[in-house]
$ cat work20.txt   # compact mmCIF, C-alpha atoms
# COMPACT_ATOMS: atom_id res chain seq x y z
CA MET A 12 25.25 28.95 8.08
CA SER A 13 23.09 29.00 4.97
CA ALA A 14 25.70 26.89 3.19
CA THR A 15 24.35 23.87 5.03
CA LEU A 16 20.70 24.77 4.45
CA ARG A 17 20.43 23.70 0.79
CA PRO A 18 21.98 20.22 1.21
CA TYR A 19 19.97 19.70 4.42
CA LEU A 20 16.65 20.47 2.72
CA SER A 21 17.59 18.48 -0.36
CA ALA A 22 18.43 15.43 1.78
CA VAL A 23 15.12 15.75 3.60
CA ARG A 24 13.24 16.11 0.31
CA HIS A 25 14.77 12.95 -1.17
CA THR A 26 14.12 10.94 1.98
CA LEU A 27 10.51 12.11 2.09
CA SER A 28 9.84 11.34 -1.59
CA ALA A 29 11.11 7.80 -1.07
CA ALA A 30 9.29 7.31 2.22
CA MET A 31 5.95 8.59 0.94
CA CYS A 32 5.25 5.48 -1.18
CA LEU A 33 2.24 4.48 0.89
CA GLN A 34 -0.50 1.96 0.18
CA ASN A 35 -3.82 1.17 1.82
CA PHE A 36 -3.34 -1.61 4.35
CA ASN A 37 -5.98 -3.13 6.58
CA SER A 38 -4.94 -3.98 10.12
CA GLN A 39 -3.74 -7.55 10.52
CA VAL A 40 -4.20 -7.43 14.30
CA VAL A 41 -7.79 -6.20 14.65
CA GLU A 42 -10.40 -7.20 12.13
CA ARG A 43 -12.13 -4.52 10.04
CA HIS A 44 -9.71 -1.85 11.26
CA ASN A 45 -7.50 0.36 9.13
CA LYS A 46 -4.99 2.23 11.29
CA PRO A 47 -1.73 4.10 10.61
CA GLU A 48 0.86 1.43 11.34
CA VAL A 49 3.49 3.95 12.41
CA GLU A 50 1.27 4.96 15.34
CA VAL A 51 0.06 1.56 16.53
CA ARG A 52 3.40 -0.23 16.05
CA TRP A 53 2.01 -3.71 16.61
CA SER A 54 3.75 -5.59 13.77
CA LYS A 55 7.48 -5.08 13.43
CA GLU A 56 7.65 -6.12 9.77
CA LEU A 57 5.36 -3.29 8.67
CA LEU A 58 7.63 -0.53 10.01
CA MET A 59 10.65 0.78 8.14
CA THR A 60 13.86 1.95 9.81
CA ALA A 61 13.63 5.51 11.12
CA VAL A 62 15.99 8.08 9.62
CA VAL A 63 17.30 11.23 11.32
CA VAL A 64 18.61 13.99 9.05
CA SER A 65 20.41 16.58 11.13
CA ARG A 66 21.95 19.90 10.24
CA ASN A 67 23.60 20.31 13.67
CA GLU A 68 22.81 19.07 17.20
CA LYS A 69 19.94 21.51 17.59
CA GLU A 70 18.19 21.17 14.21
CA LYS A 71 17.11 17.75 12.99
CA VAL A 72 14.27 15.88 11.34
CA LEU A 73 13.12 12.38 12.31
CA ILE A 74 11.34 10.45 9.55
CA GLU A 75 9.57 7.22 10.57
CA PRO A 76 8.00 5.43 7.57
CA SER A 77 5.74 2.40 7.51
CA ILE A 78 3.54 0.60 5.00
CA ASN A 79 0.58 2.98 5.14
CA SER A 80 1.77 6.04 7.03
CA ILE A 81 4.76 8.26 7.74
CA ARG A 82 5.56 10.39 10.78
CA ILE A 83 7.84 13.42 10.36
CA SER A 84 9.11 15.15 13.52
CA ILE A 85 11.02 18.43 13.34
CA SER A 86 13.34 19.93 15.94
CA ILE A 87 13.65 23.71 15.45
CA LYS A 88 16.68 25.89 16.20
CA GLN A 89 16.14 27.74 19.52
CA ALA A 90 19.17 29.77 20.52
CA ASP A 91 17.96 31.61 23.62
CA ASP A 92 15.06 31.82 26.08
CA ILE A 93 12.95 34.22 24.00
CA GLU A 94 13.18 31.93 20.96
CA ARG A 95 12.34 28.93 23.11
CA ILE A 96 9.18 30.58 24.45
CA LEU A 97 8.13 31.91 21.03
CA CYS A 98 8.67 28.52 19.38
CA HIS A 99 6.73 26.72 22.07
CA LYS A 100 3.76 29.10 21.84
CA PHE A 101 3.74 29.13 18.04
CA MET A 102 3.81 25.33 17.79
CA ARG A 103 1.08 25.06 20.42
CA PHE A 104 -1.08 27.51 18.45
CA MET A 105 -0.77 25.38 15.32
CA MET A 106 -1.21 22.04 17.05
CA MET A 107 -4.44 23.15 18.71
CA ARG A 108 -5.79 23.81 15.19
CA ALA A 109 -4.43 20.53 13.80
CA GLU A 110 -7.74 19.62 12.08
CA ASN A 111 -7.36 22.49 9.64
CA PHE A 112 -3.83 21.43 8.81
CA ILE A 113 -5.01 17.85 8.07
CA ILE A 114 -1.55 16.30 8.27
CA LEU A 115 -0.46 17.84 11.59
CA ARG A 116 -0.22 15.69 14.73
CA ARG A 117 -1.74 17.12 17.94
CA LYS A 118 1.26 16.21 20.08
CA PRO A 119 4.90 16.24 19.01
CA VAL A 120 6.99 13.12 19.35
CA GLU A 121 9.25 13.04 22.46
CA GLY A 122 12.33 15.18 21.95
CA TYR A 123 10.98 17.18 18.99
CA ASP A 124 8.95 20.38 18.59
CA ILE A 125 6.33 19.46 16.02
CA SER A 126 5.18 16.31 14.21
CA PHE A 127 3.27 15.52 11.01
CA LEU A 128 1.38 12.29 10.37
CA ILE A 129 0.73 11.54 6.69
CA THR A 130 -1.34 8.45 5.84
CA ASN A 131 -2.22 6.73 2.57
CA PHE A 132 -5.62 8.45 2.68
CA HIS A 133 -3.86 11.83 2.48
CA THR A 134 -1.67 10.72 -0.44
CA GLU A 135 -4.76 9.43 -2.22
CA GLN A 136 -6.38 12.86 -2.03
CA MET A 137 -3.33 15.10 -2.41
CA PHE A 138 -0.28 15.01 -4.65
CA LYS A 139 2.80 13.43 -3.04
CA HIS A 140 5.24 15.94 -4.44
CA LYS A 141 3.06 18.77 -3.18
CA LEU A 142 3.02 17.27 0.33
CA VAL A 143 6.81 17.06 0.27
CA ASP A 144 6.98 20.66 -1.00
CA PHE A 145 4.73 21.74 1.85
CA VAL A 146 6.90 20.13 4.54
CA ILE A 147 10.11 21.58 3.11
CA HIS A 148 8.49 25.03 2.78
CA PHE A 149 7.30 24.77 6.39
CA MET A 150 10.81 24.02 7.61
CA GLU A 151 12.24 26.99 5.70
CA GLU A 152 9.57 29.44 6.87
CA ILE A 153 9.55 28.48 10.56
CA ASP A 154 13.01 29.88 11.23
CA LYS A 155 12.16 33.16 9.46
CA GLU A 156 8.87 33.53 11.35
CA ILE A 157 10.50 32.99 14.74
CA SER A 158 13.25 35.52 14.01
CA GLU A 159 10.66 38.06 12.88
CA MET A 160 8.59 37.50 16.01
CA LYS A 161 11.68 37.90 18.20
CA LEU A 162 12.53 41.23 16.54
CA ALA A 163 8.93 42.36 17.00
CA VAL A 164 8.99 41.41 20.68
CA ASN A 165 12.24 43.29 21.26
CA ALA A 166 10.97 46.36 19.39
CA ARG A 167 7.76 46.45 21.44
CA ALA A 168 9.67 46.00 24.68
CA ARG A 169 11.90 48.95 23.76
CA GLU A 170 8.89 51.15 22.90
CA CYS A 171 7.09 50.28 26.14
CA ALA A 172 10.17 50.92 28.23
CA MET A 173 10.76 54.34 26.54
CA GLU A 174 7.15 55.44 27.09
CA TYR A 175 7.24 54.36 30.70
CA LEU A 176 10.57 56.01 31.52
CA LYS A 177 9.50 59.36 29.92
CA ARG A 178 7.54 60.03 33.05
CA PHE A 179 10.65 60.10 35.17
CA MET B 18 -1.83 2.46 -28.87
CA THR B 19 -2.67 3.81 -25.47
CA GLU B 20 -5.86 5.58 -24.56
CA VAL B 21 -6.52 7.54 -21.42
CA PHE B 22 -9.96 7.48 -19.87
CA GLN B 23 -10.89 9.08 -16.60
CA PHE B 24 -13.38 7.28 -14.38
CA GLY B 25 -13.62 9.92 -11.68
CA LEU B 26 -11.40 11.79 -9.25
CA VAL B 27 -10.86 8.94 -6.79
CA PRO B 28 -8.17 6.25 -6.95
CA ILE B 29 -9.05 3.00 -8.71
CA THR B 30 -8.32 0.30 -6.15
CA CYS B 31 -8.46 -2.74 -8.41
CA HIS B 32 -9.72 -3.78 -11.85
CA ALA B 33 -10.15 -6.79 -14.13
CA TRP B 34 -10.82 -7.21 -17.87
CA ASN B 35 -13.15 -9.73 -19.45
CA LYS B 36 -11.98 -12.13 -22.13
CA ASP B 37 -12.15 -9.91 -25.20
CA ARG B 38 -11.38 -6.67 -23.35
CA SER B 39 -14.80 -5.20 -24.17
CA ARG B 40 -15.72 -4.83 -20.53
CA VAL B 41 -13.81 -3.81 -17.46
CA ALA B 42 -14.80 -4.23 -13.81
CA LEU B 43 -13.29 -1.77 -11.41
CA SER B 44 -13.64 -0.48 -7.89
CA LEU B 45 -13.26 3.21 -7.08
CA ASN B 46 -11.92 2.95 -3.51
CA ASN B 47 -15.32 2.03 -2.06
CA ASN B 48 -17.39 -1.08 -1.44
CA GLU B 49 -18.96 -1.29 -4.92
CA VAL B 50 -17.75 -2.76 -8.18
CA ASN B 51 -18.61 -0.93 -11.41
CA ILE B 52 -18.76 -2.75 -14.74
CA TYR B 53 -18.10 -0.56 -17.74
CA GLU B 54 -18.82 -1.50 -21.32
CA ARG B 55 -17.06 -0.14 -24.32
CA ALA B 56 -19.31 1.99 -26.55
CA GLY B 57 -17.40 3.43 -29.46
CA SER B 58 -14.49 5.36 -28.01
CA GLU B 59 -16.02 5.74 -24.57
CA TRP B 60 -16.75 3.51 -21.60
CA ARG B 61 -20.33 3.41 -20.37
CA LEU B 62 -21.32 2.29 -16.87
CA GLN B 63 -23.27 -0.89 -17.34
CA GLU B 64 -23.92 -2.14 -13.83
CA THR B 65 -22.88 -1.67 -10.23
CA LEU B 66 -22.34 -4.73 -8.07
CA GLN B 67 -23.15 -4.09 -4.44
CA GLY B 68 -22.47 -6.74 -1.89
CA HIS B 69 -19.47 -5.86 0.19
CA ASP B 70 -19.66 -3.85 3.43
CA LEU B 71 -16.12 -2.53 3.35
CA ARG B 72 -13.63 -1.57 0.65
CA VAL B 73 -13.22 -4.01 -2.26
CA THR B 74 -9.56 -5.04 -2.34
CA GLY B 75 -9.37 -7.45 -5.26
CA ILE B 76 -11.27 -8.30 -8.46
CA ASP B 77 -10.60 -11.04 -11.00
CA TRP B 78 -12.62 -11.93 -14.11
CA ALA B 79 -12.40 -15.50 -15.38
CA PRO B 80 -12.16 -15.23 -19.18
CA ASN B 81 -13.75 -18.54 -20.17
CA THR B 82 -16.44 -19.17 -17.59
CA ASN B 83 -17.30 -15.43 -17.38
CA ARG B 84 -17.42 -15.25 -13.60
CA ILE B 85 -16.13 -12.40 -11.48
CA VAL B 86 -14.71 -12.99 -8.03
CA THR B 87 -14.32 -10.02 -5.66
CA CYS B 88 -12.79 -9.91 -2.22
CA GLY B 89 -13.00 -7.14 0.34
CA ALA B 90 -11.75 -5.77 3.61
CA ASP B 91 -14.90 -7.16 5.27
CA ARG B 92 -13.36 -10.71 5.22
CA ASN B 93 -15.76 -11.86 2.49
CA ALA B 94 -15.48 -12.90 -1.11
CA TYR B 95 -18.32 -13.17 -3.64
CA VAL B 96 -18.45 -15.02 -6.94
CA TRP B 97 -20.70 -13.13 -9.40
CA THR B 98 -22.33 -15.00 -12.28
CA CYS B 99 -24.09 -13.37 -15.18
CA GLY B 100 -27.70 -14.50 -15.54
CA VAL B 101 -29.58 -14.79 -18.86
CA ASP B 102 -31.00 -11.29 -18.35
CA GLY B 103 -27.49 -9.84 -18.13
CA LYS B 104 -27.70 -9.13 -14.41
CA TRP B 105 -24.91 -10.30 -12.14
CA SER B 106 -25.84 -12.19 -8.99
CA PRO B 107 -23.50 -12.94 -6.11
CA THR B 108 -22.75 -16.18 -4.33
CA LEU B 109 -21.05 -15.96 -0.97
CA VAL B 110 -17.76 -17.81 -0.55
CA LEU B 111 -16.94 -19.23 2.88
CA LEU B 112 -13.40 -18.03 3.31
CA ARG B 113 -13.24 -18.62 7.08
CA ILE B 114 -10.71 -15.82 7.59
CA ASN B 115 -10.83 -13.37 10.46
CA ARG B 116 -9.00 -10.44 8.82
CA ALA B 117 -9.33 -8.48 5.60
CA ALA B 118 -8.81 -10.23 2.26
CA THR B 119 -6.11 -8.53 0.19
CA CYS B 120 -5.98 -10.14 -3.27
CA VAL B 121 -7.75 -12.77 -5.35
CA LYS B 122 -6.85 -14.70 -8.52
CA TRP B 123 -8.66 -17.34 -10.61
CA SER B 124 -6.58 -20.38 -11.46
CA PRO B 125 -5.79 -20.97 -15.18
CA ASN B 126 -8.51 -23.67 -15.52
CA GLU B 127 -11.00 -21.50 -13.56
CA ASN B 128 -12.20 -24.31 -11.32
CA LYS B 129 -10.75 -22.68 -8.23
CA PHE B 130 -9.35 -19.41 -6.98
CA ALA B 131 -6.97 -18.29 -4.25
CA VAL B 132 -7.52 -15.41 -1.81
CA GLY B 133 -4.69 -13.87 0.19
CA SER B 134 -5.51 -12.24 3.49
CA GLY B 135 -4.21 -10.31 6.48
CA ALA B 136 -4.97 -13.35 8.62
CA ARG B 137 -1.59 -14.72 7.46
CA LEU B 138 -3.11 -17.45 5.31
CA ILE B 139 -4.21 -18.21 1.75
CA SER B 140 -7.70 -19.61 1.13
CA VAL B 141 -7.93 -21.84 -1.93
CA CYS B 142 -11.62 -22.08 -2.82
CA TYR B 143 -13.48 -24.51 -5.04
CA PHE B 144 -17.14 -25.21 -5.79
CA GLU B 145 -18.67 -28.09 -3.88
CA GLN B 146 -21.39 -29.61 -6.04
CA GLU B 147 -23.42 -31.40 -3.31
CA ASN B 148 -23.98 -28.32 -1.19
CA ASN B 149 -23.95 -25.77 -4.00
CA TRP B 150 -21.52 -23.38 -2.43
CA TRP B 151 -17.85 -22.42 -2.54
CA VAL B 152 -15.68 -23.90 0.19
CA SER B 153 -12.10 -23.17 1.06
CA LYS B 154 -8.99 -24.91 2.19
CA HIS B 155 -6.33 -22.96 4.05
CA ILE B 156 -2.60 -22.73 3.50
CA LYS B 157 -1.09 -21.48 6.76
CA LYS B 158 2.46 -22.60 7.42
CA PRO B 159 4.92 -20.95 7.41
CA ILE B 160 3.39 -17.57 6.47
CA ARG B 161 4.12 -14.93 9.10
CA SER B 162 2.52 -11.78 7.75
CA THR B 163 -0.16 -10.40 5.45
CA ILE B 164 -0.19 -11.90 1.96
CA THR B 165 0.07 -9.02 -0.49
CA THR B 166 0.05 -10.74 -3.88
CA LEU B 167 -0.72 -14.06 -5.60
CA ASP B 168 -0.11 -15.66 -8.98
CA TRP B 169 -0.96 -19.11 -10.37
CA HIS B 170 1.39 -21.39 -12.30
CA PRO B 171 0.04 -22.41 -15.73
CA ASN B 172 -0.38 -26.05 -14.54
CA ASN B 173 -3.26 -24.97 -12.23
CA ILE B 174 -1.58 -26.48 -9.18
CA LEU B 175 1.24 -24.26 -8.01
CA LEU B 176 0.65 -20.86 -6.44
CA ALA B 177 3.21 -18.13 -5.79
CA ALA B 178 2.53 -15.81 -2.86
CA GLY B 179 4.34 -12.65 -1.82
CA ALA B 180 3.98 -11.39 1.73
CA ALA B 181 4.74 -8.43 3.96
CA ASP B 182 7.38 -10.53 5.74
CA PHE B 183 9.70 -9.93 2.73
CA LYS B 184 9.38 -13.49 1.37
CA VAL B 185 8.00 -15.10 -1.77
CA ARG B 186 6.81 -18.68 -1.38
CA ILE B 187 5.59 -21.25 -3.90
CA PHE B 188 2.87 -23.54 -2.56
CA SER B 189 1.01 -26.46 -3.94
CA ALA B 190 -2.70 -25.75 -4.10
CA TRP B 191 -3.78 -29.17 -5.31
CA ILE B 192 -7.40 -29.94 -4.33
CA LYS B 193 -7.87 -33.70 -4.29
CA ASP B 194 -11.66 -33.53 -4.77
CA ILE B 195 -11.70 -31.75 -8.06
CA GLU B 196 -8.63 -32.54 -10.07
CA PRO B 197 -6.27 -35.40 -10.95
CA LYS B 198 -2.82 -35.80 -9.45
CA PRO B 199 -0.35 -33.37 -10.97
CA THR B 200 2.77 -34.36 -12.87
CA PRO B 201 6.15 -33.41 -11.41
CA THR B 202 7.48 -29.97 -12.36
CA PRO B 203 10.91 -28.35 -12.03
CA TRP B 204 9.62 -26.84 -8.75
CA GLY B 205 9.24 -30.22 -7.01
CA ALA B 206 7.58 -33.63 -7.30
CA LYS B 207 5.58 -34.27 -4.14
CA MET B 208 2.66 -31.86 -3.98
CA PRO B 209 0.09 -32.35 -1.20
CA LEU B 210 -2.09 -29.32 -0.49
CA GLY B 211 -0.27 -26.59 1.36
CA GLN B 212 3.15 -28.02 0.74
CA MET B 213 5.66 -25.23 0.38
CA MET B 214 7.78 -25.99 -2.65
CA THR B 215 10.33 -23.21 -2.20
CA GLU B 216 10.78 -20.01 -0.30
CA PHE B 217 12.70 -16.98 -1.54
CA SER B 218 13.81 -14.19 0.70
CA ASN B 219 13.83 -10.76 -0.87
CA SER B 220 17.33 -10.09 0.41
CA THR B 221 19.63 -11.23 3.22
CA GLY B 222 18.77 -8.43 5.60
CA GLY B 223 15.03 -8.30 5.08
CA GLY B 224 14.46 -6.40 1.92
CA GLY B 225 11.08 -4.77 1.75
CA TRP B 226 7.51 -5.94 1.34
CA VAL B 227 6.77 -7.95 -1.80
CA HIS B 228 4.35 -5.94 -3.94
CA SER B 229 3.74 -8.22 -6.89
CA VAL B 230 4.72 -11.69 -8.05
CA SER B 231 4.33 -13.26 -11.49
CA PHE B 232 4.99 -16.64 -13.11
CA SER B 233 6.42 -16.64 -16.62
CA GLY B 234 4.33 -18.11 -19.45
CA ASP B 235 5.90 -21.56 -19.21
CA GLY B 236 5.93 -21.56 -15.41
CA ASN B 237 9.62 -22.16 -14.95
CA ARG B 238 10.50 -18.69 -13.83
CA VAL B 239 8.94 -16.42 -11.26
CA CYS B 240 9.67 -12.75 -10.75
CA TRP B 241 8.72 -10.34 -8.01
CA VAL B 242 9.14 -6.69 -7.07
CA GLY B 243 9.77 -5.47 -3.57
CA HIS B 244 9.56 -2.20 -1.68
CA ASP B 245 13.36 -1.89 -1.70
CA SER B 246 13.08 -0.92 -5.39
CA SER B 247 14.40 -4.28 -6.54
CA LEU B 248 13.22 -6.71 -9.18
CA THR B 249 14.19 -10.38 -8.79
CA VAL B 250 13.83 -13.37 -11.10
CA ALA B 251 14.17 -16.96 -9.87
CA ASP B 252 14.57 -19.86 -12.27
CA ALA B 253 13.48 -23.36 -11.34
CA GLY B 254 15.35 -24.92 -14.23
CA LYS B 255 18.65 -23.59 -12.94
CA GLU B 256 18.17 -25.00 -9.42
CA MET B 257 16.39 -21.99 -7.96
CA ALA B 258 19.07 -19.54 -9.00
CA LYS B 259 18.10 -15.98 -8.21
CA THR B 260 19.14 -12.83 -10.04
CA GLN B 261 18.33 -9.50 -8.49
CA LEU B 262 18.31 -6.05 -10.01
CA LYS B 263 18.37 -3.11 -7.62
CA THR B 264 17.10 0.07 -9.18
CA GLU B 265 17.41 3.67 -8.12
CA TYR B 266 13.77 4.40 -8.95
CA LEU B 267 10.90 4.55 -6.51
CA PRO B 268 9.52 1.10 -5.60
CA PHE B 269 7.51 -0.86 -8.18
CA THR B 270 4.06 -2.10 -7.29
CA ALA B 271 3.24 -4.50 -10.14
CA VAL B 272 5.14 -6.67 -12.59
CA THR B 273 4.14 -9.01 -15.39
CA TRP B 274 5.85 -11.09 -18.10
CA VAL B 275 5.22 -9.97 -21.67
CA SER B 276 7.24 -12.66 -23.37
CA LEU B 277 9.63 -15.41 -22.33
CA ASN B 278 12.40 -12.97 -21.63
CA SER B 279 10.96 -9.58 -20.88
CA LEU B 280 8.98 -8.02 -18.05
CA VAL B 281 7.11 -4.78 -17.55
CA ALA B 282 7.16 -3.19 -14.11
CA VAL B 283 5.20 -0.14 -12.92
CA GLY B 284 5.13 1.63 -9.59
CA HIS B 285 5.44 4.79 -7.56
CA GLY B 286 7.61 6.43 -10.18
CA CYS B 287 4.46 6.71 -12.34
CA CYS B 288 6.22 5.31 -15.40
CA PRO B 289 6.19 1.72 -16.80
CA MET B 290 9.62 0.13 -17.27
CA LEU B 291 10.49 -2.69 -19.62
$ encode --input "work20.txt" --output "structure tokens"
Amino acid sequence: MSATLRPYLSAVRHTLSAAMCLQNFNSQVVERHNKPEVEVRWSKELLMTAVVVSRNEKEKVLIEPSINSIRISISIKQADDIERILCHKFMRFMMMRAENFIILRRKPVEGYDISFLITNFHTEQMFKHKLVDFVIHFMEEIDKEISEMKLAVNARARECAMEYLKRF
Amino acid sequence: MTEVFQFGLVPITCHAWNKDRSRVALSLNNNEVNIYERAGSEWRLQETLQGHDLRVTGIDWAPNTNRIVTCGADRNAYVWTCGVDGKWSPTLVLLRINRAATCVKWSPNENKFAVGSGARLISVCYFEQENNWWVSKHIKKPIRSTITTLDWHPNNILLAAGAADFKVRIFSAWIKDIEPKPTPTPWGAKMPLGQMMTEFSNSTGGGGWVHSVSFSGDGNRVCWVGHDSSLTVADAGKEMAKTQLKTEYLPFTAVTWVSLNSLVAVGHGCCPML
């Protein structure tokens, strides 16, 4: 399974480095406004074609670039009910604190578990290659965290059950 | 001989040099323009020009008449003239646009300048003597998206414009009131104001926003760079023949001719290419 991980992450990294060439762009629909074009979607010529990089049917990344912003949506591997619940709660925890993450979006795009919105203002303040490194690192760590949490949940359940059944 | 000088930790949005390169005017991603003067091996802040309400998007310094024109996201442009006391004073330009201005360039004879905007039009502005202000004439058809870049032909009449609709167009910007009728050029003979001489598409399927356009020194060739990492040169002498070079680098954002046959392009790859 890890044989597909390296090429998957490398493909995502190359797509992100190319898509993160953002520039400041004032809105051409509303005067004096400066909005992320990937979110407002008013002018078709300012949006680039969306790319989906998928490792299998369950794990994929949707990258939607535009002239001044890029939206990255990640779909995480969830094999059974426990992982589904853990993933949902973990993502919700992070999305509620989206201000501290700066580039996180408060709601995921339809069909995905978590979304990032990176605008030209972020790339002006932070290094592009570091932003790409962060997203790739995030994708690698998420799977590990969820597996760890699942093991912890199972271990605690076993402990509780043993303590309870000692009485009988 | 390159020198590196740091003006702060914020991005420099736009800049312009004066005639002998002793001064530079630049904008640090805000609504002010700073003029720096060279003092030995350092640059000293000489003056700050405040006039715009929103971000300054373009600056150009006319070498001979020593005027600076700035345009901003607040739909305004100002022409700054240096008084006898060395202070710069602004004159408002009536652009009559209802969206942000994106780029500005003085023409080679410095009697007019062109401003590109998100309102899908180019404003060609000249000084009207009777009323003592700068007025503008619009070039509208057939532009369909924000103008991202402009460059003048050496004959002071033709203007090349690159836009976010993936096209590069050459227009005639002849203002009847201030200059004589132009002579025919390889780009076309009839040149009323706003006439589109030719239109180039960046590629058959679309091709990426045009980031920068530049006329060669003699005006017969024009080159542009697009967001699809390509560099294209069109030659008027060879009946508008187009040669395109697709590169595997990150997209270029600016290009300029250094001699009759060579160009320098720079962009997101952080490295100039010749």
$ closest_residue --input "work20.txt" --among "B:Gly284, B:Gly225, B:Pro80, B:Gly236" --to "Gly179 (chain B)" --atoms "only C-alpha atoms"
B:Gly225
$ residues_around --input "work20.txt" --residues "Ala30 (chain A)" --least-positions-apart "6" --cutoff "12 Å" --atoms "all atoms listed in the file" --output "PyMOL selection string"
(chain A and resi 23-24+58-62+73-83+129-131+134+139-140+142-143) or (chain B and resi 244-246+267-268+285)
$ closest_residue --input "work20.txt" --among "A:Leu27, A:Met173, A:Cys32, A:Ile96" --to "chain B" --atoms "only C-alpha atoms"
A:Cys32
$ closest_residue --input "work20.txt" --among "A:Ala22, A:Leu97, A:Ala14, A:Ala29" --to "Ser158 (chain A)" --atoms "all atoms listed in the file"
A:Leu97
$ atom_distance --input "work20.txt" --atom1 "CA of Ile153 (chain A)" --atom2 "CA of Ala172 (chain A)"
28.6 Å
